[in-house]
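Participant: The file below is start-v2.cif, mmCIF, C-alpha atoms:
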```cif
data_run
#
loop_
_atom_site.group_PDB
_atom_site.id
_atom_site.type_symbol
_atom_site.label_atom_id
_atom_site.label_comp_id
_atom_site.auth_asym_id
_atom_site.auth_seq_id
_atom_site.Cartn_x
_atom_site.Cartn_y
_atom_site.Cartn_z
ATOM 1 C CA MET A 1 -24.545 2.578 2.421
ATOM 2 C CA LYS A 2 -26.423 2.283 5.671
ATOM 3 C CA LEU A 3 -28.143 5.188 7.344
ATOM 4 C CA LEU A 4 -25.702 5.088 10.246
ATOM 5 C CA THR A 5 -23.018 5.927 7.707
ATOM 6 C CA HIS A 6 -25.222 8.578 6.125
ATOM 7 C CA ASN A 7 -25.724 10.144 9.544
ATOM 8 C CA MET A 8 -21.988 10.824 9.817
ATOM 9 C CA LEU A 9 -21.262 12.267 6.378
ATOM 10 C CA SER A 10 -21.213 15.909 5.321
ATOM 11 C CA CYS A 11 -20.517 17.682 2.079
ATOM 12 C CA HIS A 12 -16.976 18.945 2.453
ATOM 13 C CA ILE A 13 -16.670 21.178 -0.601
ATOM 14 C CA LYS A 14 -14.615 24.238 0.217
ATOM 15 C CA GLY A 15 -16.753 27.109 1.406
ATOM 16 C CA VAL A 16 -19.886 25.055 2.042
ATOM 17 C CA LYS A 17 -21.374 25.925 5.428
ATOM 18 C CA ASN A 18 -24.505 23.813 5.575
ATOM 19 C CA GLY A 19 -23.406 20.583 3.972
ATOM 20 C CA TYR A 20 -25.315 18.398 6.422
ATOM 21 C CA PRO A 21 -27.230 16.210 6.140
ATOM 22 C CA PHE A 22 -27.046 14.918 2.607
ATOM 23 C CA LYS A 23 -30.399 14.510 0.943
ATOM 24 C CA ILE A 24 -30.835 10.996 -0.343
ATOM 25 C CA ASP A 25 -31.921 10.437 -3.917
ATOM 26 C CA PRO A 26 -32.603 6.702 -3.999
ATOM 27 C CA VAL A 27 -32.652 4.641 -7.161
ATOM 28 C CA LYS A 28 -32.285 1.203 -5.619
ATOM 29 C CA ILE A 29 -32.768 0.330 -1.964
ATOM 30 C CA GLU A 30 -31.893 -3.024 -0.484
ATOM 31 C CA GLU A 31 -32.395 -4.554 2.915
ATOM 32 C CA MET A 32 -30.119 -6.811 4.875
ATOM 33 C CA ASP A 33 -30.524 -8.515 8.213
ATOM 34 C CA ALA A 34 -28.334 -7.142 10.958
ATOM 35 C CA ASP A 35 -27.962 -8.538 14.468
ATOM 36 C CA TYR A 36 -30.438 -6.818 16.729
ATOM 37 C CA ASP A 37 -28.565 -5.363 19.687
ATOM 38 C CA PRO A 38 -30.517 -2.844 21.795
ATOM 39 C CA ASP A 39 -27.417 -2.111 23.864
ATOM 40 C CA PHE A 40 -25.710 -0.904 20.722
ATOM 41 C CA LEU A 41 -28.686 1.297 19.865
ATOM 42 C CA ARG A 42 -28.495 2.904 23.301
ATOM 43 C CA HIS A 43 -24.736 3.258 22.901
ATOM 44 C CA ILE A 44 -24.902 4.990 19.528
ATOM 45 C CA TYR A 45 -28.018 7.122 20.052
ATOM 46 C CA PRO A 46 -26.314 10.106 21.765
ATOM 47 C CA ARG A 47 -23.975 10.438 18.808
ATOM 48 C CA LEU A 48 -26.704 10.505 16.185
ATOM 49 C CA GLU A 49 -28.364 13.486 14.613
ATOM 50 C CA TRP A 50 -31.882 12.170 15.103
ATOM 51 C CA PRO A 51 -33.800 14.440 12.678
ATOM 52 C CA ALA A 52 -31.339 13.501 9.904
ATOM 53 C CA LEU A 53 -31.874 9.804 10.577
ATOM 54 C CA ARG A 54 -35.610 10.205 10.722
ATOM 55 C CA GLU A 55 -35.775 12.080 7.443
ATOM 56 C CA ALA A 56 -33.417 9.672 5.691
ATOM 57 C CA ALA A 57 -35.426 6.714 6.993
ATOM 58 C CA GLN A 58 -38.614 8.171 5.546
ATOM 59 C CA VAL A 59 -36.991 8.500 2.139
ATOM 60 C CA MET A 60 -35.724 4.937 2.402
ATOM 61 C CA GLY A 61 -39.079 3.437 3.325
ATOM 62 C CA GLU A 62 -39.079 3.312 7.126
ATOM 63 C CA PRO A 63 -41.683 5.916 8.129
ATOM 64 C CA ASN A 64 -42.105 4.801 11.730
ATOM 65 C CA LEU A 65 -39.427 6.750 13.548
ATOM 66 C CA PRO A 66 -40.882 9.243 16.014
ATOM 67 C CA GLU A 67 -39.957 12.903 16.105
ATOM 68 C CA GLU A 68 -38.953 12.744 19.747
ATOM 69 C CA VAL A 69 -37.101 9.952 21.494
ATOM 70 C CA THR A 70 -37.365 9.587 25.251
ATOM 71 C CA GLU A 71 -35.115 7.735 27.638
ATOM 72 C CA SER A 72 -37.844 5.235 28.438
ATOM 73 C CA MET A 73 -38.297 4.464 24.741
ATOM 74 C CA LEU A 74 -34.591 3.721 24.488
ATOM 75 C CA GLN A 75 -34.741 1.539 27.563
ATOM 76 C CA ASN A 76 -37.766 -0.612 26.966
ATOM 77 C CA ASP A 77 -39.923 0.290 23.973
ATOM 78 C CA GLU A 78 -39.326 -2.840 21.938
ATOM 79 C CA GLU A 79 -41.363 -1.715 18.965
ATOM 80 C CA PHE A 80 -39.519 1.589 18.754
ATOM 81 C CA LEU A 81 -36.135 -0.101 19.119
ATOM 82 C CA ARG A 82 -36.936 -2.516 16.285
ATOM 83 C CA HIS A 83 -37.802 0.338 13.933
ATOM 84 C CA PHE A 84 -34.702 2.252 15.047
ATOM 85 C CA HIS A 85 -32.534 -0.827 14.426
ATOM 86 C CA HIS A 86 -34.087 -1.409 11.016
ATOM 87 C CA ALA A 87 -33.611 2.190 9.893
ATOM 88 C CA LEU A 88 -30.072 2.496 11.189
ATOM 89 C CA LEU A 89 -28.542 -0.801 10.124
ATOM 90 C CA GLU A 90 -30.747 -2.725 7.726
ATOM 91 C CA LEU A 91 -31.674 -0.287 4.961
ATOM 92 C CA ILE A 92 -29.032 -0.028 2.271
ATOM 93 C CA LEU A 93 -28.798 2.626 -0.387
ATOM 94 C CA GLU A 94 -27.455 0.517 -3.211
ATOM 95 C CA GLU A 95 -27.795 2.947 -6.124
ATOM 96 C CA GLY A 96 -28.598 6.625 -6.132
ATOM 97 C CA ALA A 97 -26.974 9.807 -4.945
ATOM 98 C CA LEU A 98 -26.212 11.925 -1.916
ATOM 99 C CA VAL A 99 -27.135 15.521 -2.615
ATOM 100 C CA CYS A 100 -25.489 18.449 -0.844
ATOM 101 C CA PRO A 101 -28.269 20.508 0.785
ATOM 102 C CA GLU A 102 -26.473 23.775 0.063
ATOM 103 C CA THR A 103 -25.013 23.405 -3.423
ATOM 104 C CA GLY A 104 -27.043 20.566 -4.892
ATOM 105 C CA ARG A 105 -23.807 18.781 -5.810
ATOM 106 C CA ARG A 106 -24.592 15.106 -6.341
ATOM 107 C CA PHE A 107 -22.268 12.463 -4.973
ATOM 108 C CA PRO A 108 -23.090 9.200 -6.733
ATOM 109 C CA VAL A 109 -23.721 6.002 -4.821
ATOM 110 C CA HIS A 110 -22.860 2.984 -6.920
ATOM 111 C CA LYS A 111 -22.958 -0.629 -5.759
ATOM 112 C CA GLY A 112 -23.614 0.651 -2.261
ATOM 113 C CA VAL A 113 -20.532 2.876 -2.143
ATOM 114 C CA PRO A 114 -20.841 6.672 -2.024
ATOM 115 C CA ASN A 115 -18.077 8.462 -3.861
ATOM 116 C CA LEU A 116 -17.159 11.556 -1.868
ATOM 117 C CA LEU A 117 -14.070 12.441 -3.865
ATOM 118 C CA LEU A 118 -14.069 16.100 -4.824
ATOM 119 C CA HIS A 119 -13.208 17.692 -8.130
ATOM 120 C CA GLU A 120 -10.094 19.833 -8.210
ATOM 121 C CA ASP A 121 -12.029 23.078 -8.132
ATOM 122 C CA GLU A 122 -13.983 21.993 -5.059
ATOM 123 C CA VAL A 123 -11.044 21.429 -2.735
ATOM 124 C CA MET B 1 -3.004 -19.524 14.519
ATOM 125 C CA GLN B 2 -0.229 -20.713 16.715
ATOM 126 C CA GLY B 3 1.729 -18.495 18.991
ATOM 127 C CA ILE B 4 -0.866 -15.825 19.483
ATOM 128 C CA GLN B 5 -0.394 -14.197 22.793
ATOM 129 C CA PRO B 6 -1.931 -11.210 24.375
ATOM 130 C CA PHE B 7 0.705 -8.546 24.561
ATOM 131 C CA SER B 8 -0.031 -6.715 27.704
ATOM 132 C CA ARG B 9 2.132 -3.728 28.353
ATOM 133 C CA PRO B 10 4.865 -2.849 28.551
ATOM 134 C CA LYS B 11 6.296 -2.499 25.140
ATOM 135 C CA VAL B 12 7.698 -4.914 22.764
ATOM 136 C CA ALA B 13 6.969 -8.549 22.300
ATOM 137 C CA LEU B 14 8.430 -10.186 19.266
ATOM 138 C CA GLU B 15 6.661 -12.410 16.859
ATOM 139 C CA GLN B 16 6.958 -12.977 13.173
ATOM 140 C CA TYR B 17 4.143 -12.484 10.756
ATOM 141 C CA PRO B 18 4.647 -13.881 7.328
ATOM 142 C CA THR B 19 1.709 -12.485 5.371
ATOM 143 C CA GLY B 20 -0.621 -9.556 5.281
ATOM 144 C CA ALA B 21 -3.583 -11.737 6.140
ATOM 145 C CA GLU B 22 -1.829 -13.128 9.144
ATOM 146 C CA ILE B 23 -0.449 -9.858 10.335
ATOM 147 C CA ALA B 24 -3.919 -8.383 10.153
ATOM 148 C CA SER B 25 -5.716 -11.162 11.952
ATOM 149 C CA ARG B 26 -3.046 -11.441 14.590
ATOM 150 C CA MET B 27 -3.085 -7.700 15.071
ATOM 151 C CA LEU B 28 -6.810 -7.831 15.743
ATOM 152 C CA PHE B 29 -6.717 -10.883 17.974
ATOM 153 C CA THR B 30 -3.845 -9.392 19.928
ATOM 154 C CA VAL B 31 -5.934 -6.326 20.522
ATOM 155 C CA ASP B 32 -9.131 -8.235 21.193
ATOM 156 C CA SER B 33 -7.564 -10.462 23.807
ATOM 157 C CA VAL B 34 -6.614 -7.495 25.949
ATOM 158 C CA TYR B 35 -9.115 -4.773 25.117
ATOM 159 C CA THR B 36 -12.803 -4.896 24.285
ATOM 160 C CA GLU B 37 -12.883 -2.312 21.580
ATOM 161 C CA PHE B 38 -14.653 -4.115 18.759
ATOM 162 C CA GLU B 39 -17.649 -5.993 20.091
ATOM 163 C CA GLY B 40 -20.761 -3.837 19.990
ATOM 164 C CA ARG B 41 -18.711 -0.833 18.921
ATOM 165 C CA THR B 42 -18.348 1.202 15.776
ATOM 166 C CA VAL B 43 -15.109 1.016 13.861
ATOM 167 C CA ILE B 44 -13.536 3.081 11.093
ATOM 168 C CA ASP B 45 -10.877 1.495 8.911
ATOM 169 C CA LEU B 46 -8.768 4.187 7.257
ATOM 170 C CA GLY B 47 -7.363 3.111 3.911
ATOM 171 C CA CYS B 48 -9.098 -0.241 4.032
ATOM 172 C CA GLY B 49 -7.322 -1.713 1.027
ATOM 173 C CA THR B 50 -8.534 -5.272 0.579
ATOM 174 C CA GLY B 51 -10.781 -4.967 3.609
ATOM 175 C CA MET B 52 -8.746 -7.319 5.749
ATOM 176 C CA LEU B 53 -8.933 -5.304 8.956
ATOM 177 C CA SER B 54 -12.589 -4.429 8.475
ATOM 178 C CA ILE B 55 -13.486 -8.067 8.033
ATOM 179 C CA GLY B 56 -11.534 -8.909 11.143
ATOM 180 C CA ALA B 57 -13.196 -6.184 13.176
ATOM 181 C CA ALA B 58 -16.624 -7.302 11.974
ATOM 182 C CA LEU B 59 -15.874 -10.926 12.812
ATOM 183 C CA LEU B 60 -14.919 -9.783 16.295
ATOM 184 C CA GLY B 61 -18.387 -8.342 16.757
ATOM 185 C CA SER B 62 -18.196 -4.734 15.616
ATOM 186 C CA ALA B 63 -21.728 -3.438 15.099
ATOM 187 C CA HIS B 64 -20.735 -1.128 12.262
ATOM 188 C CA CYS B 65 -17.440 -0.983 10.482
ATOM 189 C CA LEU B 66 -16.905 1.844 8.035
ATOM 190 C CA ALA B 67 -14.152 1.131 5.540
ATOM 191 C CA LEU B 68 -12.717 4.138 3.727
ATOM 192 C CA ASP B 69 -10.440 4.144 0.737
ATOM 193 C CA ILE B 70 -9.604 6.462 -2.112
ATOM 194 C CA ASP B 71 -9.073 3.674 -4.614
ATOM 195 C CA GLU B 72 -12.007 2.279 -6.528
ATOM 196 C CA ASP B 73 -10.316 -1.025 -7.311
ATOM 197 C CA ALA B 74 -9.379 -1.580 -3.705
ATOM 198 C CA LEU B 75 -12.958 -0.921 -2.656
ATOM 199 C CA GLU B 76 -14.251 -3.369 -5.213
ATOM 200 C CA THR B 77 -11.866 -6.031 -3.975
ATOM 201 C CA ALA B 78 -12.761 -5.259 -0.401
ATOM 202 C CA GLN B 79 -16.478 -5.525 -1.129
ATOM 203 C CA SER B 80 -15.953 -8.829 -2.802
ATOM 204 C CA ASN B 81 -13.916 -10.072 0.162
ATOM 205 C CA VAL B 82 -16.588 -8.941 2.597
ATOM 206 C CA SER B 83 -19.314 -10.657 0.604
ATOM 207 C CA GLY B 84 -17.413 -13.902 1.061
ATOM 208 C CA PHE B 85 -18.731 -13.828 4.610
ATOM 209 C CA GLU B 86 -22.380 -13.697 5.408
ATOM 210 C CA GLY B 87 -23.938 -10.491 6.647
ATOM 211 C CA LEU B 88 -20.856 -8.660 7.902
ATOM 212 C CA PRO B 89 -21.740 -5.114 8.981
ATOM 213 C CA VAL B 90 -19.131 -3.417 6.819
ATOM 214 C CA ASP B 91 -19.981 -0.226 4.967
ATOM 215 C CA PHE B 92 -17.779 1.508 2.404
ATOM 216 C CA VAL B 93 -17.166 5.101 1.396
ATOM 217 C CA ARG B 94 -14.804 6.249 -1.301
ATOM 218 C CA CYS B 95 -12.959 9.304 -0.044
ATOM 219 C CA ASP B 96 -9.581 10.862 0.536
ATOM 220 C CA VAL B 97 -8.362 10.200 4.058
ATOM 221 C CA GLY B 98 -6.434 13.466 3.802
ATOM 222 C CA ALA B 99 -9.731 15.334 3.313
ATOM 223 C CA LEU B 100 -11.463 14.065 6.441
ATOM 224 C CA GLY B 101 -10.738 17.316 8.248
ATOM 225 C CA MET B 102 -14.057 18.666 6.991
ATOM 226 C CA GLN B 103 -16.060 15.616 8.076
ATOM 227 C CA SER B 104 -16.877 16.911 11.515
ATOM 228 C CA ARG B 105 -19.518 14.285 12.300
ATOM 229 C CA LEU B 106 -17.543 11.269 11.195
ATOM 230 C CA ARG B 107 -16.714 9.325 14.362
ATOM 231 C CA ALA B 108 -16.172 5.792 15.561
ATOM 232 C CA ASP B 109 -15.388 4.206 18.900
ATOM 233 C CA THR B 110 -12.302 2.574 17.469
ATOM 234 C CA VAL B 111 -10.080 3.312 14.484
ATOM 235 C CA ILE B 112 -8.001 0.604 12.883
ATOM 236 C CA MET B 113 -5.594 1.040 10.038
ATOM 237 C CA ASN B 114 -2.616 -0.275 8.234
ATOM 238 C CA PRO B 115 -1.584 3.030 6.710
ATOM 239 C CA PRO B 116 0.925 3.612 3.975
ATOM 240 C CA PHE B 117 4.355 3.603 5.544
ATOM 241 C CA GLY B 118 5.192 6.944 4.001
ATOM 242 C CA THR B 119 7.982 5.572 1.862
ATOM 243 C CA ARG B 120 6.493 6.587 -1.432
ATOM 244 C CA ARG B 121 4.928 9.809 -0.337
ATOM 245 C CA LYS B 122 6.648 11.262 2.654
ATOM 246 C CA GLY B 123 4.258 12.092 5.440
ATOM 247 C CA ALA B 124 1.431 9.848 4.220
ATOM 248 C CA ASP B 125 1.643 7.834 7.427
ATOM 249 C CA MET B 126 1.307 11.015 9.464
ATOM 250 C CA ASP B 127 -1.707 12.187 7.457
ATOM 251 C CA PHE B 128 -3.424 8.926 8.335
ATOM 252 C CA LEU B 129 -2.486 9.269 11.979
ATOM 253 C CA ARG B 130 -3.926 12.778 12.120
ATOM 254 C CA ALA B 131 -7.136 11.593 10.465
ATOM 255 C CA ALA B 132 -7.347 8.676 12.880
ATOM 256 C CA PHE B 133 -7.124 10.970 15.901
ATOM 257 C CA GLN B 134 -9.791 13.155 14.416
ATOM 258 C CA VAL B 135 -12.377 10.422 13.889
ATOM 259 C CA SER B 136 -11.748 8.215 16.906
ATOM 260 C CA CYS B 137 -13.747 8.607 20.114
ATOM 261 C CA GLY B 138 -11.497 6.185 21.944
ATOM 262 C CA ALA B 139 -8.731 4.037 20.617
ATOM 263 C CA VAL B 140 -6.594 4.005 17.487
ATOM 264 C CA TYR B 141 -4.747 0.898 16.354
ATOM 265 C CA SER B 142 -2.158 1.331 13.679
ATOM 266 C CA LEU B 143 0.910 -0.235 12.132
ATOM 267 C CA HIS B 144 3.997 1.877 11.551
ATOM 268 C CA LYS B 145 7.563 1.138 10.594
ATOM 269 C CA SER B 146 9.639 0.581 13.688
ATOM 270 C CA SER B 147 12.249 2.953 12.324
ATOM 271 C CA THR B 148 9.743 5.782 12.743
ATOM 272 C CA ARG B 149 8.912 4.928 16.368
ATOM 273 C CA ALA B 150 10.355 8.037 17.978
ATOM 274 C CA HIS B 151 8.742 10.310 15.423
ATOM 275 C CA ILE B 152 5.363 8.597 15.788
ATOM 276 C CA GLN B 153 5.483 8.899 19.543
ATOM 277 C CA ARG B 154 6.408 12.562 19.390
ATOM 278 C CA THR B 155 3.659 13.351 16.902
ATOM 279 C CA ALA B 156 1.050 11.402 18.854
ATOM 280 C CA GLU B 157 1.884 12.979 22.172
ATOM 281 C CA LYS B 158 2.894 16.525 21.263
ATOM 282 C CA GLU B 159 0.842 17.368 18.204
ATOM 283 C CA LEU B 160 -2.137 15.053 18.545
ATOM 284 C CA ARG B 161 -2.249 15.107 22.343
ATOM 285 C CA ALA B 162 -2.765 11.402 22.744
ATOM 286 C CA ALA B 163 -3.931 10.398 26.202
ATOM 287 C CA SER B 164 -1.722 7.353 25.808
ATOM 288 C CA SER B 165 0.490 5.793 23.207
ATOM 289 C CA GLU B 166 2.238 2.466 23.348
ATOM 290 C CA VAL B 167 3.711 -0.189 21.143
ATOM 291 C CA LEU B 168 1.823 -3.408 21.816
ATOM 292 C CA ALA B 169 4.027 -5.553 19.658
ATOM 293 C CA GLN B 170 6.723 -5.467 17.066
ATOM 294 C CA LEU B 171 5.884 -7.486 14.007
ATOM 295 C CA ARG B 172 7.691 -8.552 10.892
ATOM 296 C CA PHE B 173 5.955 -7.546 7.723
ATOM 297 C CA ASP B 174 7.027 -9.699 4.801
ATOM 298 C CA LEU B 175 6.190 -7.564 1.850
ATOM 299 C CA PRO B 176 6.114 -9.624 -1.300
ATOM 300 C CA ALA B 177 7.537 -7.822 -4.318
ATOM 301 C CA SER B 178 4.139 -6.722 -5.502
ATOM 302 C CA TYR B 179 5.001 -3.118 -6.115
ATOM 303 C CA ALA B 180 7.163 -1.547 -8.749
ATOM 304 C CA PHE B 181 9.393 0.090 -6.147
ATOM 305 C CA HIS B 182 10.405 -3.218 -4.584
ATOM 306 C CA ARG B 183 13.710 -4.414 -5.923
ATOM 307 C CA ASP B 184 14.037 -7.463 -3.709
ATOM 308 C CA LYS B 185 11.695 -10.378 -4.084
ATOM 309 C CA VAL B 186 10.597 -10.254 -0.510
ATOM 310 C CA LYS B 187 11.342 -7.426 1.824
ATOM 311 C CA ASP B 188 11.150 -7.711 5.569
ATOM 312 C CA ILE B 189 9.994 -4.642 7.363
ATOM 313 C CA GLU B 190 9.880 -4.326 11.097
ATOM 314 C CA VAL B 191 6.619 -2.712 12.083
ATOM 315 C CA ASP B 192 5.104 -1.623 15.370
ATOM 316 C CA LEU B 193 1.543 -2.298 16.380
ATOM 317 C CA TRP B 194 0.548 0.890 18.134
ATOM 318 C CA ARG B 195 -2.345 1.568 20.441
ATOM 319 C CA PHE B 196 -3.234 5.193 21.024
ATOM 320 C CA THR B 197 -6.064 6.641 23.021
ATOM 321 C CA VAL B 198 -7.370 10.069 22.194
ATOM 322 C CA SER B 199 -7.805 12.731 24.823
#
```
Show the structure stored in the file as structure tokens.
Facilitator:
Amino acid sequence: MKLLTHNMLSCHIKGVKNGYPFKIDPVKIEEMDADYDPDFLRHIYPRLEWPALREAAQVMGEPNLPEEVTESMLQNDEEFLRHFHHALLELILEEGALVCPETGRRFPVHKGVPNLLLHEDEV
Amino acid sequence: MQGIQPFSRPKVALEQYPTGAEIASRMLFTVDSVYTEFEGRTVIDLGCGTGMLSIGAALLGSAHCLALDIDEDALETAQSNVSGFEGLPVDFVRCDVGALGMQSRLRADTVIMNPPFGTRRKGADMDFLRAAFQVSCGAVYSLHKSSTRAHIQRTAEKELRAASSEVLAQLRFDLPASYAFHRDKVKDIEVDLWRFTVS
């Protein structure tokens, strides 16, 4: 699971109000090379929850994302864009869990795939 | 890949598609030759099955393709298929497409799917369509039985408030007798390749 995916997922147990973002409990992290495309980063940025990405990236071993992102950074700060790209698309949570911030419910991540299926009493 | 043609509107062009692999790749190339809704975009594949459409979308340049399925075996097969190519940006999540209503942040530029036709569980195709409209920021591409065309159009326009809905092509889906409910060895199903845009 990449952090772009993580950025879009919430805990959807019935009655949970603050199920976003999942805390990441990493057991095994992998890295893969992804095509670097700054246009894509600029395209996707407005849809991201930046603090969630930044926090997840720290847990996953990319501590270089800034707290604030400015338009000029998105346009031409190559170093920033490289870190952004790496955090968003190249860090993979291979084994571990996604933990609901409200209930503590753990959704296991196995072989890179989070299992978000709910138990009967959670629907 | 003979006979691939861009099906610009309006409506139905006829071609025959003998296998799932072909129908999937031709579906994507048909779309890609007319619209630019994969390259540099995010894609969600609802009910990814063997990962065919996700692989296609990734090969066409999608920056991030999120493949969702409820079935563990399907996901395993899909992962294995994806790993047959090098470095495809396909991510997987195991979840129930019918439960996506609570995933308020789950979005992609383009949704692709080959949903269940709703023959085994009535309404399954409509559940997928609703989910697709919820997660798409732009376009939805989907295959549906031609016999349901009027119903699909009504649902898309009235209930889901599609900005547009059109059948790009009518395809022939040769379903091999791989399921217990198939009595014939091979069953031809006429299916529509739909393009919807969300409002």
Participant: Dump as CSV the rows for residues of chain A within 6 Å of chain B: closest atom pair and distance in Å with one decimal, all atoms listed in the file counted, ordered by chain and rising residue number.
Facilitator:
```
residue,atom,partner,partner_atom,distance
A:Met1,CA,B:Asp91,CA,5.9
A:Met8,CA,B:Leu106,CA,4.7
A:Ser10,CA,B:Gln103,CA,5.9
A:His12,CA,B:Met102,CA,5.4
A:Phe40,CA,B:Gly40,CA,5.8
A:Val113,CA,B:Val93,CA,5.4
A:Pro114,CA,B:Val93,CA,5.3
A:Asn115,CA,B:Arg94,CA,4.7
A:Leu116,CA,B:Cys95,CA,5.1
A:Leu117,CA,B:Cys95,CA,5.1
```
Participant: Translate the PyMOL selection byres ((chain A and resi 24-35) around 6) into a concrete residue list for this structure, as a ChimeraX atom specification.
Facilitator: /A:23,36,90-98
Participant: Which of these, A:Tyr45, A:Glu78, A:Phe84, A:Leu89, has the shortest distance to His6 in chain A once you count all atoms listed in the file?
Facilitator: A:Leu89
Participant: Which of these, B:Gln170, B:Cys137, B:Glu159, B:Ala24, has the shortest distance to Ile44 in chain A once you count all atoms listed in the file?
Facilitator: B:Cys137
Participant: Can you turn the PyMOL selection byres ((chain A and resi 55-59) around 10) into a concrete residue list for this file, as a list of chain:residue names?
Facilitator: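 With the PyMOL selection byres ((chain A and resi 55-59) around 10) on this model, the match is A:Leu3, A:His6, A:Asn7, A:Pro21, A:Phe22, A:Lys23, A:Ile24, A:Asp25, A:Pro26, A:Trp50, A:Pro51, A:Ala52, A:Leu53, A:Arg54, A:Met60, A:Gly61, A:Glu62, A:Pro63, A:Asn64, A:Leu65, A:Glu67, A:His83, A:Phe84, A:His86, A:Ala87, A:Leu88, A:Leu91.
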Participant: Between CA of Ala124 in chain B and CA of Val43 in chain B, what distance in Å does the model show, to one decimal?
Facilitator: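 Distance between the two atoms: 21.1 Å.
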Participant: Quick one: pull the distance between CA of Leu28 in chain B and CA of Leu53 in chain B, Å, one decimal.
Facilitator: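 Here the two named atoms are 7.5 Å from each other.
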Participant: Write out as a list in words which residues come within 9 Å of Val31 in chain B when counting only C-alpha atoms, dropping same-chain ones fewer than 4 positions away.
Facilitator: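 These residues fall inside the cut-off: Pro6, Phe7, Arg26, Met27, Tyr35, Thr36, Glu37, Tyr141, Leu168 and Arg195 of chain B.
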Participant: Let me make sure I understand: among A:Arg106, A:Glu71, A:Cys100, A:Lys111, which one has the smallest atom-to-atom distance to Cys11 in chain A if we use all atoms listed in the file?
Facilitator: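 Smallest separation from Cys11 in chain A among the options: A:Cys100.
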Participant: Expand the PyMOL selection byres ((chain B and resi 115) around 10) into the explicit residue set it covers here, and present it as a list in words.
Facilitator: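 That expression, the PyMOL selection byres ((chain B and resi 115) around 10), corresponds here to Asp45, Leu46, Gly47, Cys48, Gly49, Ile112, Met113, Asn114, Pro116, Phe117, Gly118, Ala124, Asp125, Met126, Asp127, Phe128, Leu129, Ser142, Leu143 and His144 of chain B.
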